[in-house]
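*Asks:* Once you've had a glance at the structure underneath, I'll fire off some questions.
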Amino acid sequence: MTQMTVNDRPVRFDMDPQTPLLWALRDAANLTGSKYGCGVGDCGACMVLVDGEALRSCLITLAEAEGRFITTIEGLSEDRSHPVQQAMVAEQAIQCGFCTPGIVMAAAALIQRNPDPSEADVREAVPNLCRCGVYPRLVRAIQRAGRVARRRERISAAPAPGIDMEDAARAVPALRADSAE
Ligand code: FES
Ligand code: FES
C-alpha cells in the first residue's frame, strides 16, 4: 500500500509498489488527463508535478512517490484559469491536444520558478514531444503565461467547456445511466 497526496487529497493505492505512477493515476484514480505516450520517458505526455517539480510519471514508481505531493492537470486549476492554460488557449497552441496536459504541467513548473523565461529557457524546461508540431506557438504561449503570472498582461480565462454529463450522454449513448437497458 502506498500513500501520497494527489491534487490536495490524501490517496492510498493498494497496488504493487513498483507500478508506474502514471498507471495508478490513470487506471486506479481515473485521472486520465496525464497521457500515456511512449512509456519510456521520451515524450513527456505523462508529466505531473511531484513536490512542484515536473517529472515523467511513467518513470516513477508508486514506491518512489510515497509521501509526496502530486499534482496532475486535473488539479492545476478548477476552471482552467492557470496562466499557462489561459495562454495556451489564447495562442491556439493546441492541435490534437494529446501532448497538451504534459506540456502544461512542465510549463507551469517553469513559470513558477522563472516567470520571465527566454525561448532557450522554454525549450530546455519543456522538452515534450508534440507530433502536431505546435512548437513555435508553445514558446509564445509559455512566455505569455509568464507575463500573465507577472501581472504584465491579462487574458480572459478560457471559457468553461460547457458540457455536462447530460449533454455528453446525448452524444455518447454509452454514458447514459440507462445504457444497460
Ligand atoms: S509516456 Fe512518459 S515520457 Fe512518454
Ligand atoms: S497538439 Fe497534437 S501532439 Fe501536440
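Ordered as shown in the C-alpha cells, chains take letters A, B, and onward, while each chain numbers its residues from 1 and ligands are numbered from 1 in the order shown.
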Residues at most 8 Å from ligand 1, using only C-alpha atoms and all ligand atoms? Could they come as a list in words?

*Replies:*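 Counting only what the definition allows, namely only C-alpha atoms and all ligand atoms, the set is Leu22, Lys35, Tyr36, Gly37, Cys38, Gly39, Val40, Gly41, Asp42, Cys43, Gly44, Ala45, Cys46, Met47, Arg56, Ser57, Cys58 and Leu59 of chain A.
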
*Asks:* Those same residues - N, CA and C atoms - I'd like them written as a compact mmCIF listing (two decimals), in the first residue's frame.

*Replies:*
# COMPACT_ATOMS: atom_id res chain seq x y z
N LEU A 22 2.05 6.73 -13.34
CA LEU A 22 1.10 7.04 -14.41
C LEU A 22 -0.03 6.01 -14.47
N LYS A 35 -1.25 11.66 -19.95
CA LYS A 35 -1.35 10.74 -21.07
C LYS A 35 -0.21 9.74 -21.11
N TYR A 36 -0.52 8.58 -21.67
CA TYR A 36 0.50 7.56 -21.94
C TYR A 36 0.90 7.70 -23.40
N GLY A 37 2.11 8.21 -23.60
CA GLY A 37 2.59 8.35 -24.97
C GLY A 37 3.57 7.26 -25.33
N CYS A 38 4.71 7.26 -24.66
CA CYS A 38 5.76 6.31 -25.01
C CYS A 38 6.04 5.30 -23.88
N GLY A 39 5.84 5.71 -22.67
CA GLY A 39 6.08 4.82 -21.53
C GLY A 39 7.54 4.65 -21.17
N VAL A 40 8.42 5.34 -21.85
CA VAL A 40 9.86 5.15 -21.58
C VAL A 40 10.58 6.48 -21.34
N GLY A 41 9.83 7.54 -21.07
CA GLY A 41 10.48 8.79 -20.69
C GLY A 41 10.86 9.71 -21.83
N ASP A 42 10.39 9.43 -23.04
CA ASP A 42 10.81 10.27 -24.17
C ASP A 42 9.86 11.44 -24.46
N CYS A 43 8.56 11.22 -24.33
CA CYS A 43 7.62 12.19 -24.92
C CYS A 43 7.14 13.28 -23.96
N GLY A 44 7.07 12.98 -22.68
CA GLY A 44 6.61 13.97 -21.70
C GLY A 44 5.10 14.10 -21.59
N ALA A 45 4.35 13.25 -22.29
CA ALA A 45 2.89 13.34 -22.23
C ALA A 45 2.35 13.03 -20.83
N CYS A 46 3.16 12.37 -20.03
CA CYS A 46 2.73 11.91 -18.70
C CYS A 46 3.20 12.83 -17.57
N MET A 47 3.71 14.01 -17.91
CA MET A 47 4.29 14.90 -16.88
C MET A 47 3.26 15.26 -15.81
N ARG A 56 8.26 12.90 -15.25
CA ARG A 56 7.54 11.97 -16.10
C ARG A 56 6.99 10.84 -15.22
N SER A 57 5.67 10.77 -15.14
CA SER A 57 5.06 9.81 -14.21
C SER A 57 5.17 8.37 -14.70
N CYS A 58 5.55 8.17 -15.97
CA CYS A 58 5.74 6.79 -16.43
C CYS A 58 7.05 6.22 -15.89
N LEU A 59 7.93 7.09 -15.41
CA LEU A 59 9.23 6.63 -14.94
C LEU A 59 9.32 6.56 -13.41

*Asks:* From a DSSP pass on the backbone, collect the residues of chain A flagged as helix (DSSP H, G or I) and hand them back as a ChimeraX atom specification.

*Replies:* /A:21-28,62-65,73-76,83-90,100-113,119-125,135-149,165-171,173-175

*Asks:* Could you write those residues out with C-alpha atoms, as a tab-separated table (two decimals), in the first residue's frame?

*Replies:*
chain	number	residue	atom	x	y	z
A	21	LEU	CA	2.68	6.32	-11.03
A	22	LEU	CA	1.10	7.04	-14.41
A	23	TRP	CA	-0.68	3.68	-14.38
A	24	ALA	CA	-2.02	4.27	-10.87
A	25	LEU	CA	-3.21	7.78	-11.67
A	26	ARG	CA	-4.96	6.79	-14.87
A	27	ASP	CA	-6.27	3.32	-14.11
A	28	ALA	CA	-6.90	3.41	-10.36
A	62	LEU	CA	4.46	4.27	-6.58
A	63	ALA	CA	7.17	3.45	-4.05
A	64	GLU	CA	9.16	6.49	-5.20
A	65	ALA	CA	6.06	8.67	-4.97
A	73	ILE	CA	-3.55	18.52	-14.90
A	74	GLU	CA	-6.91	17.98	-13.18
A	75	GLY	CA	-5.59	19.67	-10.06
A	76	LEU	CA	-3.79	22.62	-11.65
A	83	PRO	CA	-1.84	31.39	-16.69
A	84	VAL	CA	-0.40	28.58	-18.80
A	85	GLN	CA	-3.86	27.26	-19.58
A	86	GLN	CA	-5.13	30.73	-20.47
A	87	ALA	CA	-2.14	31.46	-22.68
A	88	MET	CA	-2.25	28.09	-24.42
A	89	VAL	CA	-5.83	28.76	-25.45
A	90	ALA	CA	-5.19	32.41	-26.36
A	100	THR	CA	-1.07	19.32	-24.04
A	101	PRO	CA	-1.54	18.19	-20.42
A	102	GLY	CA	2.11	17.18	-20.11
A	103	ILE	CA	3.26	20.42	-21.70
A	104	VAL	CA	1.03	22.50	-19.44
A	105	MET	CA	2.49	20.80	-16.35
A	106	ALA	CA	6.08	21.29	-17.49
A	107	ALA	CA	5.35	24.92	-18.36
A	108	ALA	CA	3.59	25.54	-15.05
A	109	ALA	CA	6.66	24.34	-13.18
A	110	LEU	CA	8.87	26.58	-15.32
A	111	ILE	CA	6.71	29.67	-14.81
A	112	GLN	CA	6.64	29.01	-11.09
A	113	ARG	CA	10.42	29.22	-10.81
A	119	GLU	CA	13.00	30.98	-25.67
A	120	ALA	CA	16.01	28.85	-24.74
A	121	ASP	CA	14.68	28.51	-21.19
A	122	VAL	CA	11.36	27.29	-22.54
A	123	ARG	CA	12.93	24.80	-24.91
A	124	GLU	CA	15.11	23.40	-22.15
A	125	ALA	CA	12.40	23.20	-19.48
A	135	TYR	CA	6.37	24.29	-31.03
A	136	PRO	CA	6.55	27.96	-32.15
A	137	ARG	CA	3.13	28.65	-30.65
A	138	LEU	CA	4.11	26.85	-27.48
A	139	VAL	CA	7.06	29.13	-26.91
A	140	ARG	CA	4.86	32.18	-27.45
A	141	ALA	CA	2.18	30.81	-25.15
A	142	ILE	CA	4.56	29.94	-22.34
A	143	GLN	CA	6.28	33.31	-22.47
A	144	ARG	CA	2.86	34.96	-22.50
A	145	ALA	CA	1.87	32.86	-19.48
A	146	GLY	CA	4.89	34.29	-17.74
A	147	ARG	CA	3.69	37.82	-18.47
A	148	VAL	CA	0.30	36.92	-17.03
A	149	ALA	CA	1.95	35.44	-13.94
A	165	MET	CA	-22.96	14.78	-18.33
A	166	GLU	CA	-26.48	15.12	-19.72
A	167	ASP	CA	-25.19	16.77	-22.88
A	168	ALA	CA	-22.41	14.21	-23.19
A	169	ALA	CA	-24.93	11.43	-22.80
A	170	ARG	CA	-26.84	12.70	-25.79
A	171	ALA	CA	-23.77	12.33	-27.96
A	173	PRO	CA	-25.10	6.70	-25.62
A	174	ALA	CA	-22.75	4.52	-23.55
A	175	LEU	CA	-22.61	7.29	-20.94

*Asks:* Please report, as JSON lines, each residue of chain A lying at most 8 Å from ligand 2, together with the nearest pair of atoms and the separation in Å rounded to one decimal; use only C-alpha atoms and all ligand atoms, and order rows by chain and ascending residue number.

*Replies:*
{"residue": "A:Ala93", "atom": "CA", "partner": "ligand 2", "partner_atom_place_in_ligand_line": "1 (S)", "distance": 7.4}
{"residue": "A:Ile94", "atom": "CA", "partner": "ligand 2", "partner_atom_place_in_ligand_line": "1 (S)", "distance": 4.7}
{"residue": "A:Gln95", "atom": "CA", "partner": "ligand 2", "partner_atom_place_in_ligand_line": "1 (S)", "distance": 4.0}
{"residue": "A:Cys96", "atom": "CA", "partner": "ligand 2", "partner_atom_place_in_ligand_line": "2 (Fe)", "distance": 3.9}
{"residue": "A:Gly97", "atom": "CA", "partner": "ligand 2", "partner_atom_place_in_ligand_line": "1 (S)", "distance": 4.2}
{"residue": "A:Phe98", "atom": "CA", "partner": "ligand 2", "partner_atom_place_in_ligand_line": "3 (S)", "distance": 5.0}
{"residue": "A:Cys99", "atom": "CA", "partner": "ligand 2", "partner_atom_place_in_ligand_line": "4 (Fe)", "distance": 4.4}
{"residue": "A:Thr100", "atom": "CA", "partner": "ligand 2", "partner_atom_place_in_ligand_line": "4 (Fe)", "distance": 6.0}
{"residue": "A:Leu129", "atom": "CA", "partner": "ligand 2", "partner_atom_place_in_ligand_line": "4 (Fe)", "distance": 7.0}
{"residue": "A:Cys130", "atom": "CA", "partner": "ligand 2", "partner_atom_place_in_ligand_line": "4 (Fe)", "distance": 3.7}
{"residue": "A:Arg131", "atom": "CA", "partner": "ligand 2", "partner_atom_place_in_ligand_line": "3 (S)", "distance": 4.1}
{"residue": "A:Cys132", "atom": "CA", "partner": "ligand 2", "partner_atom_place_in_ligand_line": "2 (Fe)", "distance": 4.2}
{"residue": "A:Gly133", "atom": "CA", "partner": "ligand 2", "partner_atom_place_in_ligand_line": "4 (Fe)", "distance": 6.3}
{"residue": "A:Val134", "atom": "CA", "partner": "ligand 2", "partner_atom_place_in_ligand_line": "1 (S)", "distance": 6.3}

*Asks:* Please, could you write that set of residues out with C-alpha atoms as an mmCIF file, in the first residue's frame?

*Replies:*
data_model
loop_
_atom_site.group_PDB
_atom_site.id
_atom_site.type_symbol
_atom_site.label_atom_id
_atom_site.label_comp_id
_atom_site.auth_asym_id
_atom_site.auth_seq_id
_atom_site.Cartn_x
_atom_site.Cartn_y
_atom_site.Cartn_z
ATOM 1 C CA ALA A 93 -1.116 26.308 -29.092
ATOM 2 C CA ILE A 94 -3.178 23.141 -29.213
ATOM 3 C CA GLN A 95 -3.975 20.921 -32.157
ATOM 4 C CA CYS A 96 -4.982 17.345 -31.306
ATOM 5 C CA GLY A 97 -4.298 18.085 -27.633
ATOM 6 C CA PHE A 98 -2.718 14.747 -26.729
ATOM 7 C CA CYS A 99 0.569 16.288 -25.638
ATOM 8 C CA THR A 100 -1.075 19.320 -24.044
ATOM 9 C CA LEU A 129 7.304 15.996 -27.957
ATOM 10 C CA CYS A 130 4.342 17.222 -29.969
ATOM 11 C CA ARG A 131 3.543 15.220 -33.045
ATOM 12 C CA CYS A 132 1.369 18.038 -34.360
ATOM 13 C CA GLY A 133 4.349 20.372 -34.252
ATOM 14 C CA VAL A 134 2.938 23.356 -32.377
#

*Asks:* Which distance in Å separates atom CA of Glu66 of chain A and atom CA of Asn30 of chain A, to one decimal?

*Replies:* 18.7 Å

*Asks:* Using only C-alpha atoms, which of the listed residues (A:Arg154, A:Phe69, A:Pro127, A:Ala54) sits closest to Asp8 of chain A?

*Replies:*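 Once distances to Asp8 of chain A are computed over only C-alpha atoms, the minimum belongs to A:Phe69.
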
*Asks:* Name the closest residue to Asn128 of chain A among the candidates A:Pro10, A:Val50, A:Met1, A:Leu55; distances are taken between atoms, counting only C-alpha atoms.

*Replies:*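 For Asn128 of chain A, the nearest of the candidates is A:Leu55.
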
*Asks:* Excluding Thr72 of chain A and any residue of its chain fewer than 6 positions from it, enumerate the residues within 8 Å of it, using only C-alpha atoms, and give them as a ChimeraX atom specification.

*Replies:* /A:6-7,31,33-34,47-49,105

*Asks:* Take the residues that were just selected and, keeping N, CA and C atoms, output them as a PDB file, in the first residue's frame.

*Replies:*
ATOM      1  N   VAL A   6      -2.621  13.523  -3.763  1.00  0.00           N
ATOM      2  CA  VAL A   6      -2.857  13.777  -5.183  1.00  0.00           C
ATOM      3  C   VAL A   6      -3.892  14.887  -5.293  1.00  0.00           C
ATOM      4  N   ASN A   7      -3.505  15.973  -5.917  1.00  0.00           N
ATOM      5  CA  ASN A   7      -4.409  17.120  -6.091  1.00  0.00           C
ATOM      6  C   ASN A   7      -5.040  17.521  -4.759  1.00  0.00           C
ATOM      7  N   LEU A  31      -7.674   9.511 -13.158  1.00  0.00           N
ATOM      8  CA  LEU A  31      -7.178  10.830 -13.567  1.00  0.00           C
ATOM      9  C   LEU A  31      -6.509  10.650 -14.933  1.00  0.00           C
ATOM     10  N   GLY A  33      -6.169  12.673 -17.410  1.00  0.00           N
ATOM     11  CA  GLY A  33      -5.582  13.824 -18.098  1.00  0.00           C
ATOM     12  C   GLY A  33      -4.124  13.594 -18.439  1.00  0.00           C
ATOM     13  N   SER A  34      -3.400  12.928 -17.565  1.00  0.00           N
ATOM     14  CA  SER A  34      -1.996  12.586 -17.845  1.00  0.00           C
ATOM     15  C   SER A  34      -1.999  11.469 -18.885  1.00  0.00           C
ATOM     16  N   MET A  47       3.711  14.015 -17.908  1.00  0.00           N
ATOM     17  CA  MET A  47       4.286  14.903 -16.884  1.00  0.00           C
ATOM     18  C   MET A  47       3.264  15.260 -15.806  1.00  0.00           C
ATOM     19  N   VAL A  48       3.699  15.164 -14.570  1.00  0.00           N
ATOM     20  CA  VAL A  48       2.923  15.653 -13.432  1.00  0.00           C
ATOM     21  C   VAL A  48       3.890  16.427 -12.536  1.00  0.00           C
ATOM     22  N   LEU A  49       3.347  17.160 -11.601  1.00  0.00           N
ATOM     23  CA  LEU A  49       4.201  17.825 -10.620  1.00  0.00           C
ATOM     24  C   LEU A  49       4.370  16.910  -9.416  1.00  0.00           C
ATOM     25  N   MET A 105       1.873  21.053 -17.664  1.00  0.00           N
ATOM     26  CA  MET A 105       2.486  20.803 -16.353  1.00  0.00           C
ATOM     27  C   MET A 105       3.959  21.214 -16.346  1.00  0.00           C
TER      28      MET A 105
END

*Asks:* Please, which residues of chain A, numbered as in this document, come out strand (DSSP E) from DSSP, as a compact mmCIF listing (two decimals) with C-alpha atoms, in the first residue's frame?

*Replies:*
# COMPACT_ATOMS: atom_id res chain seq x y z
CA THR A 2 1.33 3.42 -0.96
CA GLN A 3 0.13 6.75 0.35
CA MET A 4 0.59 10.17 -1.17
CA THR A 5 -1.31 13.39 -1.76
CA VAL A 6 -2.86 13.78 -5.18
CA ARG A 9 -6.34 14.88 -1.37
CA PRO A 10 -4.78 12.00 0.55
CA VAL A 11 -4.74 8.90 -1.63
CA ARG A 12 -3.84 5.31 -0.85
CA PHE A 13 -3.01 2.91 -3.67
CA MET A 47 4.29 14.90 -16.88
CA VAL A 48 2.92 15.65 -13.43
CA LEU A 49 4.20 17.83 -10.62
CA VAL A 50 5.93 15.94 -7.82
CA GLU A 53 8.83 19.59 -9.95
CA ALA A 54 7.67 18.42 -13.40
CA LEU A 55 8.50 14.73 -13.72
CA ARG A 56 7.54 11.97 -16.10
CA PHE A 69 2.59 15.82 -3.25
CA ILE A 70 1.40 15.02 -6.75
CA THR A 71 -0.43 17.50 -8.95

*Asks:* What's the separation between atom CA of Arg152 of chain A and atom CA of Asp116 of chain A, in Å to one decimal place?

*Replies:*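 Atom CA of Asp116 of chain A lies 10.7 Å from atom CA of Arg152 of chain A.
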